[in-house]
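Structure file input.txt (compact mmCIF, C-alpha atoms (C1' of nucleotides)) follows.
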# COMPACT_ATOMS: atom_id res chain seq x y z
CA MET J 106 53.43 261.90 209.36
CA GLY J 107 53.00 260.04 212.59
CA ARG J 108 49.65 258.41 213.27
CA TRP J 109 49.07 255.45 215.55
CA GLU J 110 52.11 254.79 217.69
CA PRO J 111 54.89 256.83 216.16
CA ASN J 112 58.07 255.59 214.55
CA ALA J 113 57.00 252.12 213.50
CA ARG J 114 60.17 251.69 211.45
CA GLY J 115 62.41 252.53 214.37
CA ARG J 116 60.53 250.23 216.73
CA LEU J 117 60.88 247.39 214.25
CA ALA J 118 64.61 247.97 213.81
CA GLN J 119 65.11 248.16 217.57
CA ALA J 120 63.09 245.01 218.25
CA ALA J 121 64.88 243.13 215.50
CA LEU J 122 68.37 244.00 216.72
CA GLU J 123 67.42 243.06 220.27
CA LEU J 124 65.92 239.73 219.30
CA TYR J 125 68.73 238.83 216.90
CA ALA J 126 71.21 239.51 219.70
CA GLU J 127 69.16 237.76 222.39
CA GLN J 128 68.13 234.56 220.69
CA GLY J 129 69.94 234.51 217.37
CA TYR J 130 69.01 235.54 213.87
CA GLU J 131 67.72 232.22 212.61
CA GLN J 132 65.73 231.55 215.77
CA THR J 133 63.93 234.87 215.39
CA THR J 134 60.90 234.95 213.12
CA VAL J 135 59.48 238.09 211.60
CA GLY J 136 56.43 237.37 213.70
CA ASP J 137 58.56 237.62 216.84
CA ILE J 138 59.81 241.03 215.77
CA THR J 139 56.44 242.46 214.91
CA ALA J 140 54.93 241.06 218.10
CA ARG J 141 57.52 242.92 220.16
CA ALA J 142 57.01 246.09 218.13
CA GLY J 143 53.22 245.81 218.36
CA LEU J 144 52.63 245.48 214.63
CA THR J 145 51.72 242.79 212.14
CA GLU J 146 54.02 240.76 209.97
CA ARG J 147 52.76 242.39 206.82
CA THR J 148 53.77 245.80 208.09
CA PHE J 149 57.35 244.66 208.61
CA TYR J 150 57.63 244.07 204.87
CA ARG J 151 56.26 247.51 204.17
CA HIS J 152 59.26 249.02 205.94
CA PHE J 153 62.02 246.56 205.06
CA ALA J 154 62.57 244.51 201.95
CA ASP J 155 63.37 241.36 203.91
CA LYS J 156 64.40 239.97 207.25
CA ARG J 157 68.04 241.00 206.74
CA GLU J 158 67.57 244.54 205.54
CA VAL J 159 66.36 245.70 208.95
CA LEU J 160 69.99 245.60 210.16
CA PHE J 161 71.27 247.82 207.36
CA PHE J 162 69.39 250.92 208.20
CA GLY J 163 72.47 253.15 208.36
CA THR J 164 73.99 252.28 205.02
CA GLU J 165 72.35 255.18 203.23
CA MET J 166 73.80 257.57 205.79
CA ALA J 167 77.23 256.06 205.32
CA LYS J 168 76.91 256.40 201.57
CA ASP J 169 76.02 260.06 201.90
CA LEU J 170 78.95 260.71 204.21
CA LEU J 171 81.40 259.01 201.87
CA THR J 172 80.22 260.68 198.69
CA ARG J 173 80.03 264.09 200.34
CA THR J 174 83.53 263.78 201.75
CA VAL J 175 84.93 262.67 198.41
CA ALA J 176 83.19 265.52 196.66
CA ASP J 177 84.44 268.05 199.20
CA ALA J 178 88.08 266.97 199.03
CA PRO J 179 90.51 269.69 197.89
CA ALA J 180 90.82 269.89 194.13
CA ASP J 181 94.52 269.04 194.27
CA ALA J 182 94.01 265.95 196.42
CA SER J 183 94.63 262.66 194.64
CA ALA J 184 91.84 260.12 194.19
CA MET J 185 93.30 257.91 196.90
CA ASP J 186 93.58 260.86 199.27
CA ALA J 187 89.93 261.72 198.72
CA VAL J 188 88.94 258.12 199.38
CA GLY J 189 91.16 258.05 202.43
CA ALA J 190 89.54 261.18 203.84
CA ALA J 191 86.07 259.74 203.27
CA LEU J 192 86.88 256.45 204.95
CA GLU J 193 88.49 258.25 207.87
CA ALA J 194 85.30 260.24 208.35
CA LEU J 195 83.32 257.00 208.41
CA ALA J 196 85.83 255.45 210.78
CA ALA J 197 85.45 258.40 213.11
CA GLU J 198 81.70 257.93 213.16
CA PHE J 199 82.13 254.24 213.93
CA GLN J 200 84.49 255.22 216.72
CA GLU J 201 81.91 257.55 218.24
CA ASN J 202 79.29 254.79 218.31
CA ALA J 203 81.71 252.01 219.13
CA ASP J 204 79.35 250.07 221.38
CA ARG J 205 76.49 249.98 218.91
CA VAL J 206 78.84 249.16 216.06
CA ARG J 207 80.37 246.27 217.97
CA THR J 208 76.98 244.87 219.01
CA ARG J 209 75.70 245.02 215.49
CA ASN J 210 78.89 243.44 214.16
CA THR J 211 78.55 240.54 216.55
CA VAL J 212 75.11 239.77 215.13
CA VAL J 213 76.06 240.26 211.49
CA SER J 214 79.28 238.29 211.58
CA ALA J 215 77.54 235.32 213.18
CA HIS J 216 75.38 234.54 210.14
CA ALA J 217 76.43 234.01 206.55
CA GLU J 218 73.20 235.51 205.22
CA LEU J 219 73.90 238.74 207.06
CA ARG J 220 77.54 238.83 206.01
CA GLU J 221 76.38 238.49 202.42
CA ARG J 222 74.14 241.50 202.80
CA GLU J 223 76.95 243.44 204.45
CA LEU J 224 79.30 242.70 201.58
CA ILE J 225 76.87 243.89 198.93
CA LYS J 226 76.34 247.06 200.95
CA LEU J 227 80.10 247.60 201.05
CA ALA J 228 80.23 247.03 197.31
CA GLY J 229 77.54 249.66 196.97
CA LEU J 230 79.63 252.09 199.00
CA ALA J 231 82.61 251.42 196.75
CA GLY J 232 80.46 252.06 193.70
CA ALA J 233 79.19 255.32 195.14
CA MET J 234 82.71 256.51 195.94
CA ALA J 235 83.88 255.60 192.44
CA GLU J 236 81.01 257.63 191.02
CA ALA J 237 81.93 260.59 193.22
CA LEU J 238 85.53 260.34 192.06
CA ARG J 239 84.45 260.35 188.43
CA ALA J 240 82.38 263.45 189.12
CA ARG J 241 85.58 264.98 190.49
CA GLY J 242 87.40 264.20 187.26
CA THR J 243 89.19 260.94 187.97
CA ALA J 244 89.16 258.62 184.97
CA ASP J 245 87.49 255.27 185.29
CA PRO J 246 89.96 252.54 185.94
CA ALA J 247 91.64 254.71 188.57
CA ALA J 248 88.35 255.73 190.18
CA SER J 249 87.14 252.15 190.61
CA LEU J 250 90.53 250.98 191.80
CA ALA J 251 90.82 253.70 194.40
CA ALA J 252 87.29 253.08 195.69
CA GLU J 253 87.49 249.28 195.77
CA THR J 254 90.95 249.30 197.30
CA GLY J 255 89.85 251.80 199.89
CA ILE J 256 86.98 249.55 200.92
CA ALA J 257 89.36 246.58 201.05
CA VAL J 258 91.65 248.47 203.42
CA PHE J 259 88.67 249.54 205.50
CA LYS J 260 87.57 245.92 205.82
CA VAL J 261 91.00 244.87 207.06
CA ALA J 262 91.28 247.80 209.47
CA PHE J 263 87.80 247.18 210.81
CA ALA J 264 88.56 243.52 211.42
CA ARG J 265 91.71 244.46 213.31
CA TRP J 266 89.79 247.02 215.36
CA ILE J 267 87.17 244.43 216.24
CA ASP J 268 89.68 241.75 217.13
CA ASP J 269 91.76 243.93 219.39
CA PRO J 270 89.66 245.72 222.04
CA GLY J 271 92.85 247.31 223.33
CA ARG J 272 93.25 249.23 220.10
CA PRO J 273 90.30 251.57 220.24
CA ASP J 274 91.32 254.07 217.59
CA LEU J 275 89.72 252.97 214.32
CA PRO J 276 90.81 256.02 212.31
CA GLY J 277 94.35 255.35 213.50
CA VAL J 278 94.18 251.69 212.51
CA LEU J 279 92.84 252.77 209.13
CA ARG J 280 95.72 255.18 208.53
CA ALA J 281 98.24 252.57 209.62
CA SER J 282 96.67 249.99 207.32
CA THR J 283 96.81 252.37 204.39
CA ARG J 284 100.51 252.99 205.02
CA GLU J 285 101.06 249.25 205.32
CA LEU J 286 99.33 248.69 202.00
CA ARG J 287 101.66 251.13 200.27
CA THR J 288 104.57 249.11 201.63
CA VAL J 289 103.02 245.82 200.57
CA LEU J 290 102.44 247.11 197.07
CA THR J 291 105.86 248.64 196.51
CA GLU J 292 108.07 245.88 197.88
CA HIS J 293 107.98 243.57 194.93
CA ALA J 294 110.77 241.48 193.48
CA SER J 295 109.41 240.95 189.96
CA ALA J 296 108.21 243.43 187.29
CA MET C 295 79.26 205.57 193.00
CA GLY C 296 76.75 205.93 190.19
CA ARG C 297 73.40 204.27 190.62
CA TRP C 298 70.20 205.39 188.95
CA GLU C 299 70.96 207.92 186.25
CA PRO C 300 74.52 209.03 186.87
CA ASN C 301 75.73 212.50 187.82
CA ALA C 302 72.63 213.87 189.47
CA ARG C 303 74.58 216.87 190.77
CA GLY C 304 75.84 217.77 187.33
CA ARG C 305 72.41 217.43 185.75
CA LEU C 306 70.94 219.71 188.39
CA ALA C 307 73.64 222.35 187.89
CA GLN C 308 73.21 222.19 184.13
CA ALA C 309 69.41 222.42 184.28
CA ALA C 310 69.59 225.31 186.75
CA LEU C 311 71.99 227.39 184.66
CA GLU C 312 69.87 226.79 181.56
CA LEU C 313 66.62 227.73 183.23
CA TYR C 314 68.06 230.76 185.00
CA ALA C 315 69.38 231.98 181.64
CA GLU C 316 66.20 231.12 179.72
CA GLN C 317 63.50 232.45 181.96
CA GLY C 318 65.25 234.30 184.78
CA TYR C 319 66.35 233.34 188.25
CA GLU C 320 63.28 234.48 190.15
CA GLN C 321 60.89 232.95 187.65
CA THR C 322 62.55 229.56 188.03
CA THR C 323 61.40 227.38 190.92
CA VAL C 324 63.42 224.55 192.33
CA GLY C 325 60.63 222.33 191.08
CA ASP C 326 61.33 223.51 187.53
CA ILE C 327 64.98 222.56 187.90
CA THR C 328 64.37 219.11 189.34
CA ALA C 329 61.69 218.40 186.75
CA ARG C 330 64.15 219.07 183.95
CA ALA C 331 66.81 217.00 185.69
CA GLY C 332 64.39 214.15 186.33
CA LEU C 333 64.63 214.30 190.13
CA THR C 334 62.55 215.52 193.04
CA GLU C 335 62.76 218.81 194.84
CA ARG C 336 64.06 217.21 198.01
CA THR C 337 67.04 215.79 196.15
CA PHE C 338 68.08 219.24 194.96
CA TYR C 339 68.62 220.25 198.56
CA ARG C 340 70.70 217.16 199.19
CA HIS C 341 73.21 218.40 196.62
CA PHE C 342 73.05 222.17 197.10
CA ALA C 343 72.48 224.21 200.21
CA ASP C 344 70.00 226.54 198.50
CA LYS C 345 68.73 227.79 195.19
CA ARG C 346 71.74 230.10 194.73
CA GLU C 347 74.54 227.72 195.58
CA VAL C 348 73.98 225.67 192.43
CA LEU C 349 75.69 228.44 190.46
CA PHE C 350 78.81 228.45 192.61
CA PHE C 351 79.99 224.98 191.86
CA GLY C 352 83.46 226.03 190.75
CA THR C 353 84.41 228.17 193.73
CA GLU C 354 86.18 225.32 195.49
CA MET C 355 88.28 224.71 192.42
CA ALA C 356 89.16 228.38 192.26
CA LYS C 357 90.13 228.37 195.92
CA ASP C 358 92.41 225.39 195.37
CA LEU C 359 94.05 227.06 192.40
CA LEU C 360 94.66 230.29 194.29
CA THR C 361 96.04 228.72 197.45
CA ARG C 362 98.22 226.31 195.51
CA THR C 363 99.66 229.08 193.38
CA VAL C 364 100.36 231.26 196.41
CA ALA C 365 102.02 228.35 198.19
CA ASP C 366 104.13 227.52 195.15
CA ALA C 367 105.40 231.06 194.62
CA PRO C 368 109.19 231.47 194.84
CA ALA C 369 110.40 232.01 198.38
CA ASP C 370 111.81 235.43 197.51
CA ALA C 371 108.59 236.64 195.91
CA SER C 372 106.74 239.32 197.85
CA ALA C 373 103.26 238.72 199.20
CA MET C 374 101.73 240.89 196.51
CA ASP C 375 103.67 239.06 193.82
CA ALA C 376 102.39 235.73 195.09
CA VAL C 377 98.84 237.05 195.08
CA GLY C 378 99.37 238.50 191.62
CA ALA C 379 100.57 235.16 190.29
CA ALA C 380 97.58 233.36 191.80
CA LEU C 381 95.06 235.80 190.36
CA GLU C 382 96.75 235.64 186.96
CA ALA C 383 96.38 231.87 187.01
CA LEU C 384 92.68 232.26 187.78
CA ALA C 385 92.34 234.90 185.09
CA ALA C 386 93.92 232.54 182.58
CA GLU C 387 91.39 229.88 183.44
CA PHE C 388 88.56 232.36 183.04
CA GLN C 389 90.03 233.30 179.69
CA GLU C 390 90.05 229.68 178.54
CA ASN C 391 86.36 229.28 179.38
CA ALA C 392 85.36 232.78 178.37
CA ASP C 393 81.96 231.82 176.96
CA ARG C 394 80.84 229.92 180.00
CA VAL C 395 82.19 232.60 182.32
CA ARG C 396 80.35 235.34 180.45
CA THR C 397 77.08 233.40 180.37
CA ARG C 398 77.26 232.70 184.07
CA ASN C 399 78.14 236.31 184.80
CA THR C 400 75.11 237.53 182.88
CA VAL C 401 72.87 235.45 185.13
CA VAL C 402 74.64 236.33 188.37
CA SER C 403 74.90 240.04 187.79
CA ALA C 404 71.21 240.29 186.98
CA HIS C 405 70.04 239.41 190.51
CA ALA C 406 71.06 240.95 193.79
CA GLU C 407 70.71 237.66 195.66
CA LEU C 408 73.23 236.05 193.34
CA ARG C 409 75.62 238.98 193.51
CA GLU C 410 75.53 238.69 197.29
CA ARG C 411 76.52 235.07 197.07
CA GLU C 412 79.28 235.92 194.62
CA LEU C 413 80.69 238.56 196.94
CA ILE C 414 80.85 236.22 199.92
CA LYS C 415 82.56 233.64 197.72
CA LEU C 416 85.12 236.26 196.71
CA ALA C 417 85.63 237.15 200.36
CA GLY C 418 86.24 233.48 201.01
CA LEU C 419 88.87 233.43 198.27
CA ALA C 420 90.57 236.43 199.85
CA GLY C 421 90.54 234.71 203.22
CA ALA C 422 92.05 231.56 201.74
CA MET C 423 94.81 233.52 200.03
CA ALA C 424 95.57 235.40 203.25
CA GLU C 425 95.85 232.07 205.03
CA ALA C 426 98.19 230.76 202.34
CA LEU C 427 100.33 233.88 202.68
CA ARG C 428 100.55 233.44 206.44
CA ALA C 429 101.66 229.85 205.88
CA ARG C 430 104.39 231.28 203.66
CA GLY C 431 105.56 233.55 206.44
CA THR C 432 103.83 236.85 205.72
CA ALA C 433 102.67 238.56 208.91
CA ASP C 434 99.02 239.26 209.36
CA PRO C 435 98.12 242.81 208.46
CA ALA C 436 100.20 242.49 205.31
CA ALA C 437 98.75 239.10 204.40
CA SER C 438 95.14 240.26 204.66
CA LEU C 439 95.88 243.51 202.88
CA ALA C 440 97.59 241.78 199.97
CA ALA C 441 94.79 239.24 199.61
CA GLU C 442 91.89 241.68 199.92
CA THR C 443 93.54 244.22 197.64
CA GLY C 444 94.27 241.52 195.11
CA ILE C 445 90.63 240.53 195.03
CA ALA C 446 89.62 244.18 194.71
CA VAL C 447 91.86 244.57 191.67
CA PHE C 448 90.53 241.34 190.22
CA LYS C 449 86.97 242.62 190.56
CA VAL C 450 87.83 245.82 188.70
CA ALA C 451 89.74 243.97 186.00
CA PHE C 452 86.95 241.46 185.57
CA ALA C 453 84.37 244.21 185.21
CA ARG C 454 86.50 245.91 182.56
CA TRP C 455 86.92 242.61 180.74
CA ILE C 456 83.18 241.99 180.77
CA ASP C 457 82.31 245.50 179.65
CA ASP C 458 84.69 245.55 176.72
CA PRO C 459 84.26 242.53 174.43
CA GLY C 460 87.06 243.90 172.24
CA ARG C 461 89.57 243.45 175.05
CA PRO C 462 89.66 239.68 175.35
CA ASP C 463 92.82 239.25 177.41
CA LEU C 464 91.80 239.06 181.04
CA PRO C 465 95.28 238.30 182.39
CA GLY C 466 96.51 241.36 180.52
CA VAL C 467 93.77 243.56 181.92
CA LEU C 468 94.62 242.25 185.37
CA ARG C 469 98.31 243.12 185.03
CA ALA C 470 97.45 246.56 183.68
CA SER C 471 95.04 247.15 186.55
CA THR C 472 97.68 246.16 189.09
CA ARG C 473 100.14 248.65 187.56
CA GLU C 474 97.45 251.31 187.56
CA LEU C 475 96.79 250.65 191.24
CA ARG C 476 100.43 251.22 192.11
CA THR C 477 100.19 254.57 190.35
CA VAL C 478 96.96 255.47 192.12
CA LEU C 479 98.47 254.62 195.48
CA THR C 480 101.75 256.47 195.06
CA GLU C 481 100.51 259.73 193.56
CA HIS C 482 99.32 261.40 196.71
CA ALA C 483 99.59 265.01 197.73
CA SER C 484 99.22 264.65 201.50
CA ALA C 485 101.08 262.53 204.09
C1' DC Q 215 30.95 270.86 210.06
C1' DA Q 216 30.28 267.08 207.05
C1' DA Q 217 32.21 264.70 203.01
C1' DA Q 218 35.77 263.06 200.55
C1' DG Q 219 40.72 261.97 200.39
C1' DT Q 220 45.27 260.14 201.98
C1' DG Q 221 48.40 257.11 203.89
C1' DA Q 222 49.58 253.64 207.15
C1' DT Q 223 48.05 249.43 209.05
C1' DG Q 224 45.34 244.87 209.63
C1' DA Q 225 43.58 240.60 207.78
C1' DC Q 226 43.81 236.90 204.85
C1' DA Q 227 45.16 233.86 201.09
C1' DG Q 228 48.69 231.72 198.73
C1' DG Q 229 53.19 230.51 196.45
C1' DT Q 230 58.06 229.37 197.25
C1' DT Q 231 61.95 228.09 199.87
C1' DC Q 232 63.96 224.99 202.86
C1' DT Q 233 63.94 221.17 206.57
C1' DG Q 234 62.69 216.89 209.07
C1' DT Q 235 61.39 212.25 208.72
C1' DC Q 236 60.59 207.84 207.09
C1' DA Q 237 60.11 204.54 203.28
C1' DT Q 238 62.07 202.61 199.17
C1' DC Q 239 65.17 201.11 195.83
C1' DA Q 240 69.71 199.74 193.49
C1' DC Q 241 73.65 197.82 194.32
C1' DA Q 242 77.78 195.83 197.23
C1' DG Q 243 79.84 192.74 200.31
C1' DT Q 244 79.59 188.51 202.65
C1' DA F 209 70.35 184.43 199.35
C1' DC F 210 71.11 188.01 203.49
C1' DT F 211 72.30 192.10 205.08
C1' DG F 212 74.15 196.70 204.73
C1' DT F 213 74.84 201.21 202.55
C1' DG F 214 73.78 205.24 200.29
C1' DA F 215 71.00 207.84 197.16
C1' DT F 216 66.38 209.00 196.14
C1' DG F 217 61.10 209.55 196.71
C1' DA F 218 57.14 210.94 199.35
C1' DC F 219 55.04 213.73 202.55
C1' DA F 220 54.34 217.16 206.15
C1' DG F 221 55.23 221.55 207.79
C1' DA F 222 57.47 225.97 209.27
C1' DA F 223 59.06 230.38 207.76
C1' DC F 224 59.63 233.85 204.24
C1' DC F 225 57.59 236.96 201.21
C1' DT F 226 53.79 238.97 198.14
C1' DG F 227 49.18 240.41 196.47
C1' DT F 228 44.88 242.22 197.62
C1' DC F 229 41.31 244.40 199.92
C1' DA F 230 39.30 246.41 204.10
C1' DT F 231 39.89 249.54 207.90
C1' DC F 232 41.25 253.21 210.62
C1' DA F 233 43.34 257.89 211.97
C1' DC F 234 43.82 262.00 210.43
C1' DT F 235 43.69 265.82 206.82
C1' DT F 236 41.79 268.57 203.40
C1' DT F 237 38.10 270.64 201.07
C1' DG F 238 33.75 272.72 200.16
Kindly transcribe the structure held in the file into structure tokens.
Amino acid sequence: MGRWEPNARGRLAQAALELYAEQGYEQTTVGDITARAGLTERTFYRHFADKREVLFFGTEMAKDLLTRTVADAPADASAMDAVGAALEALAAEFQENADRVRTRNTVVSAHAELRERELIKLAGLAGAMAEALRARGTADPAASLAAETGIAVFKVAFARWIDDPGRPDLPGVLRASTRELRTVLTEHASA
Amino acid sequence: MGRWEPNARGRLAQAALELYAEQGYEQTTVGDITARAGLTERTFYRHFADKREVLFFGTEMAKDLLTRTVADAPADASAMDAVGAALEALAAEFQENADRVRTRNTVVSAHAELRERELIKLAGLAGAMAEALRARGTADPAASLAAETGIAVFKVAFARWIDDPGRPDLPGVLRASTRELRTVLTEHASA
DNA sequence: CAAAGTGATGACAGGTTCTGTCATCACAGT
DNA sequence: ACTGTGATGACAGAACCTGTCATCACTTTG
């Protein structure tokens, strides 16, 4: 495993987050990152596909958590309940690492390129949850709808959590948002 | 207005879509595009922010259509009904230009970079609809939830429409998906 | 214990994307 | 005609990303 200085990948991710936060994403070159990490530019691209990907280290972990939680939901739970449980588990993890999550969000939300990457990662999470729902026996339009809608609610709840530092309970905001959505969807005049 | 050969922007967009479809997005350089359009590389970047943006010409039109339709919804219509009407209007326009929409989608969905751009454009549409809802008097968690959920349903409906060439009625698929979502959200064992 | 093997890193070249800057050209208004 | 305006051309250059080969630390094998 570890030869030379250990944990090159981790050092690169750490240096990148620091520099992006200190001097901005666009002002930071890959050379800056590798210089701080004590490596060469070429090595950066051996660990990360591009300059953005270095900030999305944890997405695979999130995907695992979501799919596992969906798979482990009680057999009589509805698709939306399974999705809700998964997203609450993720929200709880965000809550535990609130400082890191907020720092990272500040960097990501400041640059369109990074927001783009974040959105495709979220879409990937939705796809993974839909797949897990199908494995649980939910048919396909319902599975995709539950997963995509769940992610949509998570996005809204997360934004509210970020905006309001006095509301520190992300899982609570998520549950409230889900309830609110049910209201929004049922109070309709037509059809 | 038009000096030199007219409609440089349009020629560039046309040449880009053709080349991306013919030989792939990554294999096409900006030089290829400008050569076919009879312009220089530098001019491409005067009309489009980057190599991806040239495919997202119509997003502003879509945003106008959505916000206008939300604003024009009857005063007694619910937020979700206003969003539903807006998305149905967009779906109808997609339906009218089905061939072009499908061609463009083939190109976009083949490359992660382009899908990223598409997702941030969709997020922008959701944001614009939320803003239009707020202008109509809908409070903020509900406005964002209705807009984001509407886009989520549209994504699912669009994917179903693309996958199944024998189901040519996108507005119909959209309405069916919205009904299905209400079912998914109300059939829950817990809470 | 030496030889060969493995995997991560360094070094270098090169193409592509995108930006800054200034010159040039077609046309409009006076 | 004279001057202004706006789009385009020409050129330089930084940064991103990739391909390729050499090198080094360490492991395995005989």
Practice prompt. Please provide as a ChimeraX atom specification all residues within 12 Å of Gly232 of chain J, with the sequence filter that same-chain residues fewer than 2 positions apart are discarded (counting all atoms listed in the file).
Written response: /J:168,171-172,188,225-230,234-239,245,248-256 /C:449-450
Produce a file of the selected residues containing C-alpha atoms, as a compact mmCIF listing (two decimals), in the frame of the given file.
# COMPACT_ATOMS: atom_id res chain seq x y z
CA LYS J 168 76.91 256.40 201.57
CA LEU J 171 81.40 259.01 201.87
CA THR J 172 80.22 260.68 198.69
CA VAL J 188 88.94 258.12 199.38
CA ILE J 225 76.87 243.89 198.93
CA LYS J 226 76.34 247.06 200.95
CA LEU J 227 80.10 247.60 201.05
CA ALA J 228 80.23 247.03 197.31
CA GLY J 229 77.54 249.66 196.97
CA LEU J 230 79.63 252.09 199.00
CA MET J 234 82.71 256.51 195.94
CA ALA J 235 83.88 255.60 192.44
CA GLU J 236 81.01 257.63 191.02
CA ALA J 237 81.93 260.59 193.22
CA LEU J 238 85.53 260.34 192.06
CA ARG J 239 84.45 260.35 188.43
CA ASP J 245 87.49 255.27 185.29
CA ALA J 248 88.35 255.73 190.18
CA SER J 249 87.14 252.15 190.61
CA LEU J 250 90.53 250.98 191.80
CA ALA J 251 90.82 253.70 194.40
CA ALA J 252 87.29 253.08 195.69
CA GLU J 253 87.49 249.28 195.77
CA THR J 254 90.95 249.30 197.30
CA GLY J 255 89.85 251.80 199.89
CA ILE J 256 86.98 249.55 200.92
CA LYS C 449 86.97 242.62 190.56
CA VAL C 450 87.83 245.82 188.70
So that each row is one residue of chain J with an atom at most 9 Å from chain C, can you give its shortest atom pair and the distance in Å to one decimal, using all atoms listed in the file, rows by chain and rising number, as a tab-separated table?
residue	atom	partner	partner_atom	distance
J:Asp181	CA	C:Ala483	CA	7.3
J:Ala182	CA	C:Ala483	CA	5.8
J:Ser183	CA	C:His482	CA	5.3
J:Ala184	CA	C:Val478	CA	7.2
J:Met185	CA	C:Leu479	CA	6.3
J:Asp186	CA	C:His482	CA	6.3
J:Ala217	CA	C:Ile414	CA	8.3
J:Glu218	CA	C:Arg411	CA	8.8
J:Arg220	CA	C:Ile414	CA	7.4
J:Glu221	CA	C:Glu410	CA	5.2
J:Arg222	CA	C:Glu410	CA	6.3
J:Glu223	CA	C:Glu410	CA	8.7
J:Leu224	CA	C:Leu413	CA	6.4
J:Ile225	CA	C:Glu410	CA	5.6
J:Ala228	CA	C:Leu413	CA	8.5
J:Pro246	CA	C:Ser471	CA	7.4
J:Ala247	CA	C:Val478	CA	6.4
J:Ala248	CA	C:Val478	CA	8.8
J:Ser249	CA	C:Val450	CA	6.6
J:Leu250	CA	C:Leu475	CA	6.3
J:Ala251	CA	C:Val478	CA	6.8
J:Glu253	CA	C:Ala446	CA	5.6
J:Thr254	CA	C:Thr443	CA	5.7
J:Gly255	CA	C:Thr443	CA	8.7
J:Ile256	CA	C:Ala446	CA	8.6
J:Ala257	CA	C:Glu442	CA	5.6
J:Val258	CA	C:Leu439	CA	6.5
J:Lys260	CA	C:Glu442	CA	8.5
J:Val261	CA	C:Leu439	CA	6.6
J:Ala262	CA	C:Pro435	CA	8.5
J:Arg265	CA	C:Pro435	CA	8.2
J:Ser282	CA	C:Pro435	CA	7.4
J:Glu285	CA	C:Ala436	CA	6.8
J:Leu286	CA	C:Leu439	CA	6.3
J:Arg287	CA	C:Leu479	CA	6.7
J:Thr288	CA	C:Ala436	CA	8.7
J:Val289	CA	C:Ala436	CA	6.4
J:Leu290	CA	C:Met374	CA	6.3
J:Thr291	CA	C:Arg476	CA	7.4
J:Glu292	CA	C:Ser372	CA	6.7
J:His293	CA	C:Ser372	CA	5.3
J:Ala294	CA	C:Ala371	CA	5.8
J:Ser295	CA	C:Asp375	CA	7.2
Worksheet item: Hey, what's within 10 Å of DT220 of chain Q if we count only C-alpha atoms (C1' of nucleotides) and toss same-chain stuff fewer than 5 positions away? As a ChimeraX atom specification, please?
Response: /F:234-236
Item to complete: Find the residues of chain F in contact range of chain J, meaning any atom within 10 Å when counting all atoms listed in the file, and list them as JSON, numbers by chain.
Response: {"F": [223, 224, 225, 226, 232, 233, 234]}
Compile a residue-level contact table for chain Q against chain C at a cut-off of 8 Å, reporting for every qualifying residue the shortest atom pair and its distance in Å to one decimal, with all atoms listed in the file counted, rows ordered by chain and ascending number, as CSV.
residue,atom,partner,partner_atom,distance
Q:DT230,C1',C:Thr323,CA,7.4
Q:DC232,C1',C:Asp344,CA,7.6
Q:DA240,C1',C:Arg297,CA,6.5
Q:DC241,C1',C:Arg297,CA,7.4
Practice prompt. Considering all atoms listed in the file, return as an MDAnalysis selection string whatever protein or nucleic-acid residues lie within 12 Å of segment 209-218 of chain F, sequence-local ones (same chain, fewer than 5 positions apart) excluded.
Written response: (chainID C and resid 295:303 332:341) or (chainID Q and resid 235:244)
Please, could you write that set of residues out with C-alpha atoms (C1' of nucleotides) as a short mmCIF file (atom, residue, chain, number, x, y, z; two decimals), keeping the file's coordinate frame?
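And here's result06.cif as it stands now:
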data_model
loop_
_atom_site.label_atom_id
_atom_site.label_comp_id
_atom_site.auth_asym_id
_atom_site.auth_seq_id
_atom_site.Cartn_x
_atom_site.Cartn_y
_atom_site.Cartn_z
CA MET C 295 79.26 205.57 193.00
CA GLY C 296 76.75 205.93 190.19
CA ARG C 297 73.40 204.27 190.62
CA TRP C 298 70.20 205.39 188.95
CA GLU C 299 70.96 207.92 186.25
CA PRO C 300 74.52 209.03 186.87
CA ASN C 301 75.73 212.50 187.82
CA ALA C 302 72.63 213.87 189.47
CA ARG C 303 74.58 216.87 190.77
CA GLY C 332 64.39 214.15 186.33
CA LEU C 333 64.63 214.30 190.13
CA THR C 334 62.55 215.52 193.04
CA GLU C 335 62.76 218.81 194.84
CA ARG C 336 64.06 217.21 198.01
CA THR C 337 67.04 215.79 196.15
CA PHE C 338 68.08 219.24 194.96
CA TYR C 339 68.62 220.25 198.56
CA ARG C 340 70.70 217.16 199.19
CA HIS C 341 73.21 218.40 196.62
"C1'" DT Q 235 61.39 212.25 208.72
"C1'" DC Q 236 60.59 207.84 207.09
"C1'" DA Q 237 60.11 204.54 203.28
"C1'" DT Q 238 62.07 202.61 199.17
"C1'" DC Q 239 65.17 201.11 195.83
"C1'" DA Q 240 69.71 199.74 193.49
"C1'" DC Q 241 73.65 197.82 194.32
"C1'" DA Q 242 77.78 195.83 197.23
"C1'" DG Q 243 79.84 192.74 200.31
"C1'" DT Q 244 79.59 188.51 202.65
#
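Between atom CA of Gly466 of chain C and atom CA of Asn391 of chain C lies a distance of 15.8 Å.
One finds atom CA of Ala142 of chain J at 15.7 Å from atom CA of Ala126 of chain J.
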Discussion item. For a test of reading the model, state the distance in Å between atom CA of Gln132 of chain J and atom CA of Asn210 of chain J, rounded to one decimal.
Written reply: 17.8 Å
Report, as AutoDock Vina command-line options, the centre and edge lengths in Å (one decimal) of the axis-aligned box enclosing every listed atom of segment 414-423 of chain C, padded by 4 Å on each side.
--center_x 87.8 --center_y 234.4 --center_z 200.0 --size_x 22.0 --size_y 13.6 --size_z 14.5
